[in-house]
Each structure stands twice: as structure tokens, then as C-alpha cells.
Amino acid sequence: MAAYDWDDLRGLSLARQFPEVRGLDAAAATETVRLIGPIQSQTARSPYVGLGARRPGVTHEAITDAYESHAIVRGSTIRGTVHTSTAAHHALLDATTRVGQRGVWTRHLPLGHSDVEQLWKATEEFAADAWRSPDELLDHLRAWLAAHDETIPDAVDRGLGRYLTFGHGGLLRRPLAGPWSGQGAAGYRTAASVLTELAVPDDPLVEAVRLHVASYGPSSRRDVAWWSGLGLRQVDELLGRLDLTWNDGPDGQAYADVPGSAPPREVPGVRLLPEFDAVLCGYDPKARDRFVTPADHERMWNKSNGFMLAPLLVDGRIGGYWRIEGTGRSKAVAVSSFAGARKPRKAELDAPVAALSAALDISLSSVTVARA
């Protein structure tokens, strides 16, 4: 097979990121998440927006039902970042997080008499029977360190303690008040106590790597390492244990794919994607050219604070960004189109805006389109 170019990679990734799924109920939402892979969710609305873009007409209620039934779940997992996934995939993310984030814990929370596995176990026992607030988890962390004669770093009270405790991959999170699509206070509970019948694969790290290639691929070793938080040597070893096809890519990297993957497809028209969508965050930041030019990528992602704009997908490529403006009942969608990209006609935005409105359960009164 000839080497991939960026358009080849884009078409193959679009085929799995925009799959054909029947229905608009909670089961269809769950199946879509299973196929497209975990959705980065530190912006709580992202799973709703992402599913609305992929299954136009799916409602806020249907997605919420999937959360409430634990068909899909949310937790701080790979790279210490919040993700929404199916319950089965969460088990893979949890196992990967324990490996990929262990160094972060040991570097920032040096333990002289214990190890992080003991602390993780104690945290899971504490959160087994109730949804715990970040303050409760922090108090538990401080008490555990004191009881085990461990030094409590000053940084624990400057945000590190909160980050580490609720960033443990063995916990799920849910809103304590307000909707799943809102940024309200979250509670945390041990995944094993919620997903009591879930079976964990014998080799979850291998399955996590397979998940990336199947959902986002074709994937380079650097794509998998970025996404998973694992080191390149470990990624190489895991990739070597899978039955994959390999092909050269446009950047000198080799790209892996699963046998029998879907043929490439185009996604014509306009889609309103969420912040941190997989078409950007599923890949090594230095190799996201399949969906966005390097110059436009710089505009989408603010490296100083980690903030990312919500992508505007135009004919299968990122051609700008969008935002919701206004307060109360009167809200509008403002679309900014990059120079050099096809500027969408306002009529093309009717369906994407309707899909966004249904997924977020909000009223959007108007749309503006301008060059960025």
C-alpha cells in the first residue's frame, strides 16, 4: 500500500469518528461513545455537544439517561484529564492512568513510609459508599498522610491535593447539583462500587492501545503516547503485541491500523464540535495536520492555559471556531471562519445549530458568521 498522506489519514479517522448509528435514544448515545472512544470532558458540555454533532437530533435527556444508568461514565483518567467513556472503556482508562500518572504522584507527593498504591486503595475505600466532595477527599488525604507519618507538602493546600485526589483513575464523578452538562460541583465515588458487575480484561493496557487505534486511527506511536500518557517505549511494546497493519505516514512516522477498519469517508457540510474534541485531542499535538493546519492549530489551542476553542468542522476539516453568546433565554451562536477555509453559508448552520440546541436543551435565537 502506498504511504498515507494527510487526506488519507483524515478520511480514515472521519470514518470512525462519525460512525453510522441508528436511533437517538440513550442506547444510541452509548453506542456512539463506544465507537468514537472516550470524550475529553473537562468542559462538562463537551459530551453533549460532541454527540449532538455526530448524532444530530439526540437530546439532552437521552444523553443524561445514559449517564444516570451508568452506561456512560465520567472520571479523571488518562493524562489526569476528565473523560467520558462507556463503563467498559473506563476500566481500560483506569488501568492506563495508574501507570501513566504514577510518576506524577510520586514526584509531587513523595512518600517515605508508604507507596501510592496504598494511598489509592485507601481513597477508594473512603469513597466506596458515598459520593465525596473534593473537600472531603482532601481532608481524607491529609488525615491519611498524618496517620502514616508522611510529610504533607505545602502544595497540598495550594491545589495539588485536590488535583491528586479527584484525579485518581479509580474514581467516577457526577454532578452533586445541576445538570451533567453544567460546570457545577462534582462528587466522586469508587468506580468498582458503582460498576459492580464490570469485568476488567486480563491485559487492560493492550486493550487501551487497541481502543485508540480503533477509535482514532490510523495512529502513530506518538499519537498513542500522547493520548494515553504512557511512555513511548511502553507504547511500542504494547503495539507490538497487537495484530495491526502498518503504513508510512506523511511525517516520517509509521501508522498502525486495525484489520478490517472502515474505508475512508467524507463529512460534507458543517458540524459544531466541542472543545477538546477527538479530531484535535486524539493525536500528538505536533501531528494534527490531518484535520487542521499548524497555523490554525496555534489559534485553536492556547498553550499557556490549556484552553481550546470549540472547532468548526467544514467539509471534514477544522475551518474555524464557534461560541455561544448571551445570557438568560436569549443566546446566539457566533461562528468565526479561518481565512483560507470555506466560509459557511448561514443556511448551512441551521441543522448544526438545531442539533446543538437539542443536545444542550437551550434556545439559540440567532447565528452570526464572520472571518476570524
# chains A, B, ... in the order shown; residues from 1 in each chain; ligands from 1
call {"tool": "residues_around", "arguments": {"residues": "range 251-263 of chain A", "least_positions_apart": "5", "cutoff": "10 Å", "atoms": "only C-alpha atoms", "output": "PDB file with C-alpha atoms, in the first residue's frame"}}
result
ATOM      1  CA  ALA A   3       2.181   5.768   2.051  1.00  0.00           C
ATOM      2  CA  TYR A   4      -0.604   7.754   3.685  1.00  0.00           C
ATOM      3  CA  ASP A   5      -0.917  11.463   3.066  1.00  0.00           C
ATOM      4  CA  TRP A   6      -2.793  13.728   5.468  1.00  0.00           C
ATOM      5  CA  LEU A   9      -5.458   9.809   7.426  1.00  0.00           C
ATOM      6  CA  GLY A  11     -10.714  10.214   5.702  1.00  0.00           C
ATOM      7  CA  LEU A  12      -9.923   7.071   7.680  1.00  0.00           C
ATOM      8  CA  SER A  13     -10.285   8.893  11.005  1.00  0.00           C
ATOM      9  CA  LEU A  14     -13.544  10.534   9.933  1.00  0.00           C
ATOM     10  CA  ALA A  15     -14.968   7.094   9.167  1.00  0.00           C
ATOM     11  CA  ARG A  16     -14.595   6.043  12.803  1.00  0.00           C
ATOM     12  CA  PRO A  19     -19.948   6.350  12.546  1.00  0.00           C
ATOM     13  CA  ARG A 210      -6.256  -1.113  20.709  1.00  0.00           C
ATOM     14  CA  LEU A 211      -9.053   1.289  21.657  1.00  0.00           C
ATOM     15  CA  HIS A 212      -7.051   4.271  20.478  1.00  0.00           C
ATOM     16  CA  VAL A 213      -6.165   2.740  17.135  1.00  0.00           C
ATOM     17  CA  ALA A 214      -9.728   1.524  16.553  1.00  0.00           C
ATOM     18  CA  SER A 215     -11.423   4.803  17.529  1.00  0.00           C
ATOM     19  CA  TYR A 216      -8.995   7.487  16.343  1.00  0.00           C
ATOM     20  CA  GLY A 217      -6.597   5.699  13.995  1.00  0.00           C
ATOM     21  CA  PRO A 218      -4.617   5.209  11.971  1.00  0.00           C
ATOM     22  CA  SER A 219      -2.285   6.070  14.850  1.00  0.00           C
ATOM     23  CA  SER A 220       1.428   6.697  15.184  1.00  0.00           C
ATOM     24  CA  ARG A 221       3.253   5.622  18.317  1.00  0.00           C
ATOM     25  CA  ARG A 222       3.401   9.303  19.279  1.00  0.00           C
ATOM     26  CA  ASP A 223      -0.370   9.661  18.886  1.00  0.00           C
ATOM     27  CA  VAL A 224      -0.941   6.727  21.244  1.00  0.00           C
ATOM     28  CA  LEU A 239       1.607  -2.024  19.864  1.00  0.00           C
ATOM     29  CA  LEU A 242      -1.458  -6.376  18.695  1.00  0.00           C
ATOM     30  CA  ASP A 243      -2.476  -7.640  15.268  1.00  0.00           C
ATOM     31  CA  LEU A 244      -2.172  -4.398  13.316  1.00  0.00           C
ATOM     32  CA  THR A 245      -1.408  -3.212   9.821  1.00  0.00           C
ATOM     33  CA  TRP A 246       1.323  -0.607   9.378  1.00  0.00           C
ATOM     34  CA  LYS A 286       2.736  18.092  16.502  1.00  0.00           C
ATOM     35  CA  ALA A 287       0.857  15.870  14.053  1.00  0.00           C
ATOM     36  CA  ASP A 289      -2.399  18.146  10.280  1.00  0.00           C
TER      37      ASP A 289
END
call {"tool": "residues_around", "arguments": {"residues": "range 159-165 of chain A", "least_positions_apart": "2", "cutoff": "9 Å", "atoms": "only C-alpha atoms", "output": "count of residues only"}}
result
19
call {"tool": "residues_around", "arguments": {"residues": "range 181-191 of chain A", "least_positions_apart": "4", "cutoff": "7 Å", "atoms": "only C-alpha atoms", "output": "PDB file with N, CA and C atoms, in the first residue's frame"}}
result
ATOM      1  N   ALA A  44     -17.834  20.394  30.798  1.00  0.00           N
ATOM      2  CA  ALA A  44     -18.896  19.410  31.032  1.00  0.00           C
ATOM      3  C   ALA A  44     -19.847  19.263  29.855  1.00  0.00           C
ATOM      4  N   ARG A  45     -19.991  20.306  29.065  1.00  0.00           N
ATOM      5  CA  ARG A  45     -20.929  20.227  27.940  1.00  0.00           C
ATOM      6  C   ARG A  45     -20.370  19.423  26.771  1.00  0.00           C
ATOM      7  N   TYR A  48     -22.090  16.303  25.372  1.00  0.00           N
ATOM      8  CA  TYR A  48     -23.384  16.646  24.785  1.00  0.00           C
ATOM      9  C   TYR A  48     -23.193  17.264  23.397  1.00  0.00           C
ATOM     10  N   GLU A 124     -10.044   4.792  47.622  1.00  0.00           N
ATOM     11  CA  GLU A 124     -11.170   4.030  47.088  1.00  0.00           C
ATOM     12  C   GLU A 124     -12.045   3.473  48.204  1.00  0.00           C
ATOM     13  N   ALA A 127     -14.229   6.347  49.461  1.00  0.00           N
ATOM     14  CA  ALA A 127     -15.278   6.785  48.528  1.00  0.00           C
ATOM     15  C   ALA A 127     -16.138   5.626  48.036  1.00  0.00           C
ATOM     16  N   ALA A 128     -16.094   4.485  48.710  1.00  0.00           N
ATOM     17  CA  ALA A 128     -16.828   3.311  48.229  1.00  0.00           C
ATOM     18  C   ALA A 128     -18.328   3.425  48.425  1.00  0.00           C
ATOM     19  N   ALA A 130     -20.240   6.395  49.266  1.00  0.00           N
ATOM     20  CA  ALA A 130     -20.907   7.695  49.114  1.00  0.00           C
ATOM     21  C   ALA A 130     -20.128   8.545  48.118  1.00  0.00           C
ATOM     22  N   TRP A 131     -20.846   9.470  47.480  1.00  0.00           N
ATOM     23  CA  TRP A 131     -20.207  10.434  46.582  1.00  0.00           C
ATOM     24  C   TRP A 131     -19.539  11.499  47.447  1.00  0.00           C
ATOM     25  N   ARG A 132     -18.223  11.611  47.330  1.00  0.00           N
ATOM     26  CA  ARG A 132     -17.433  12.500  48.168  1.00  0.00           C
ATOM     27  C   ARG A 132     -17.115  13.797  47.435  1.00  0.00           C
ATOM     28  N   SER A 133     -17.168  14.897  48.157  1.00  0.00           N
ATOM     29  CA  SER A 133     -16.810  16.192  47.583  1.00  0.00           C
ATOM     30  C   SER A 133     -15.293  16.328  47.534  1.00  0.00           C
ATOM     31  N   PHE A 166      -9.037  13.821  43.430  1.00  0.00           N
ATOM     32  CA  PHE A 166     -10.121  13.517  42.492  1.00  0.00           C
ATOM     33  C   PHE A 166      -9.599  13.175  41.112  1.00  0.00           C
ATOM     34  N   GLY A 170      -9.327   5.597  39.642  1.00  0.00           N
ATOM     35  CA  GLY A 170     -10.277   4.642  40.199  1.00  0.00           C
ATOM     36  C   GLY A 170     -11.584   5.242  40.652  1.00  0.00           C
ATOM     37  N   LEU A 171     -11.756   6.554  40.465  1.00  0.00           N
ATOM     38  CA  LEU A 171     -12.978   7.227  40.885  1.00  0.00           C
ATOM     39  C   LEU A 171     -13.813   7.650  39.681  1.00  0.00           C
ATOM     40  N   LEU A 172     -15.116   7.599  39.846  1.00  0.00           N
ATOM     41  CA  LEU A 172     -16.048   8.219  38.911  1.00  0.00           C
ATOM     42  C   LEU A 172     -16.483   9.559  39.489  1.00  0.00           C
ATOM     43  N   ARG A 173     -17.009  10.424  38.619  1.00  0.00           N
ATOM     44  CA  ARG A 173     -17.528  11.707  39.089  1.00  0.00           C
ATOM     45  C   ARG A 173     -18.911  11.948  38.509  1.00  0.00           C
ATOM     46  N   ARG A 174     -19.709  12.689  39.259  1.00  0.00           N
ATOM     47  CA  ARG A 174     -21.041  13.095  38.806  1.00  0.00           C
ATOM     48  C   ARG A 174     -21.360  14.437  39.442  1.00  0.00           C
ATOM     49  N   PRO A 175     -22.278  15.214  38.849  1.00  0.00           N
ATOM     50  CA  PRO A 175     -22.652  16.483  39.473  1.00  0.00           C
ATOM     51  C   PRO A 175     -23.418  16.250  40.768  1.00  0.00           C
ATOM     52  N   LEU A 176     -23.063  16.988  41.809  1.00  0.00           N
ATOM     53  CA  LEU A 176     -23.811  16.926  43.058  1.00  0.00           C
ATOM     54  C   LEU A 176     -25.076  17.759  42.981  1.00  0.00           C
ATOM     55  N   ALA A 177     -25.087  18.735  42.080  1.00  0.00           N
ATOM     56  CA  ALA A 177     -26.269  19.569  41.830  1.00  0.00           C
ATOM     57  C   ALA A 177     -26.179  20.073  40.394  1.00  0.00           C
ATOM     58  N   LEU A 195     -19.863   0.275  39.438  1.00  0.00           N
ATOM     59  CA  LEU A 195     -19.920  -0.652  38.302  1.00  0.00           C
ATOM     60  C   LEU A 195     -19.591  -2.053  38.813  1.00  0.00           C
TER      61      LEU A 195
END
call {"tool": "select_by_dssp", "arguments": {"residues": "range 188-236 of chain A", "states": "strand (DSSP E)", "output": "ChimeraX atom specification"}}
result
/A:188-190,219-220
call {"tool": "write_last_selection", "arguments": {"atoms": "N, CA and C atoms", "output": "PDB file, in the first residue's frame"}}
result
ATOM      1  N   TYR A 188     -17.409  12.414  43.900  1.00  0.00           N
ATOM      2  CA  TYR A 188     -16.536  11.343  43.422  1.00  0.00           C
ATOM      3  C   TYR A 188     -16.798  10.078  44.217  1.00  0.00           C
ATOM      4  N   ARG A 189     -16.832   8.957  43.481  1.00  0.00           N
ATOM      5  CA  ARG A 189     -17.085   7.672  44.131  1.00  0.00           C
ATOM      6  C   ARG A 189     -16.269   6.590  43.439  1.00  0.00           C
ATOM      7  N   THR A 190     -15.938   5.566  44.178  1.00  0.00           N
ATOM      8  CA  THR A 190     -15.116   4.484  43.653  1.00  0.00           C
ATOM      9  C   THR A 190     -15.831   3.751  42.524  1.00  0.00           C
ATOM     10  N   SER A 219      -2.978   5.398  13.758  1.00  0.00           N
ATOM     11  CA  SER A 219      -2.285   6.070  14.850  1.00  0.00           C
ATOM     12  C   SER A 219      -0.790   5.823  14.773  1.00  0.00           C
ATOM     13  N   SER A 220      -0.006   6.878  14.994  1.00  0.00           N
ATOM     14  CA  SER A 220       1.428   6.697  15.184  1.00  0.00           C
ATOM     15  C   SER A 220       1.693   6.370  16.650  1.00  0.00           C
TER      16      SER A 220
END
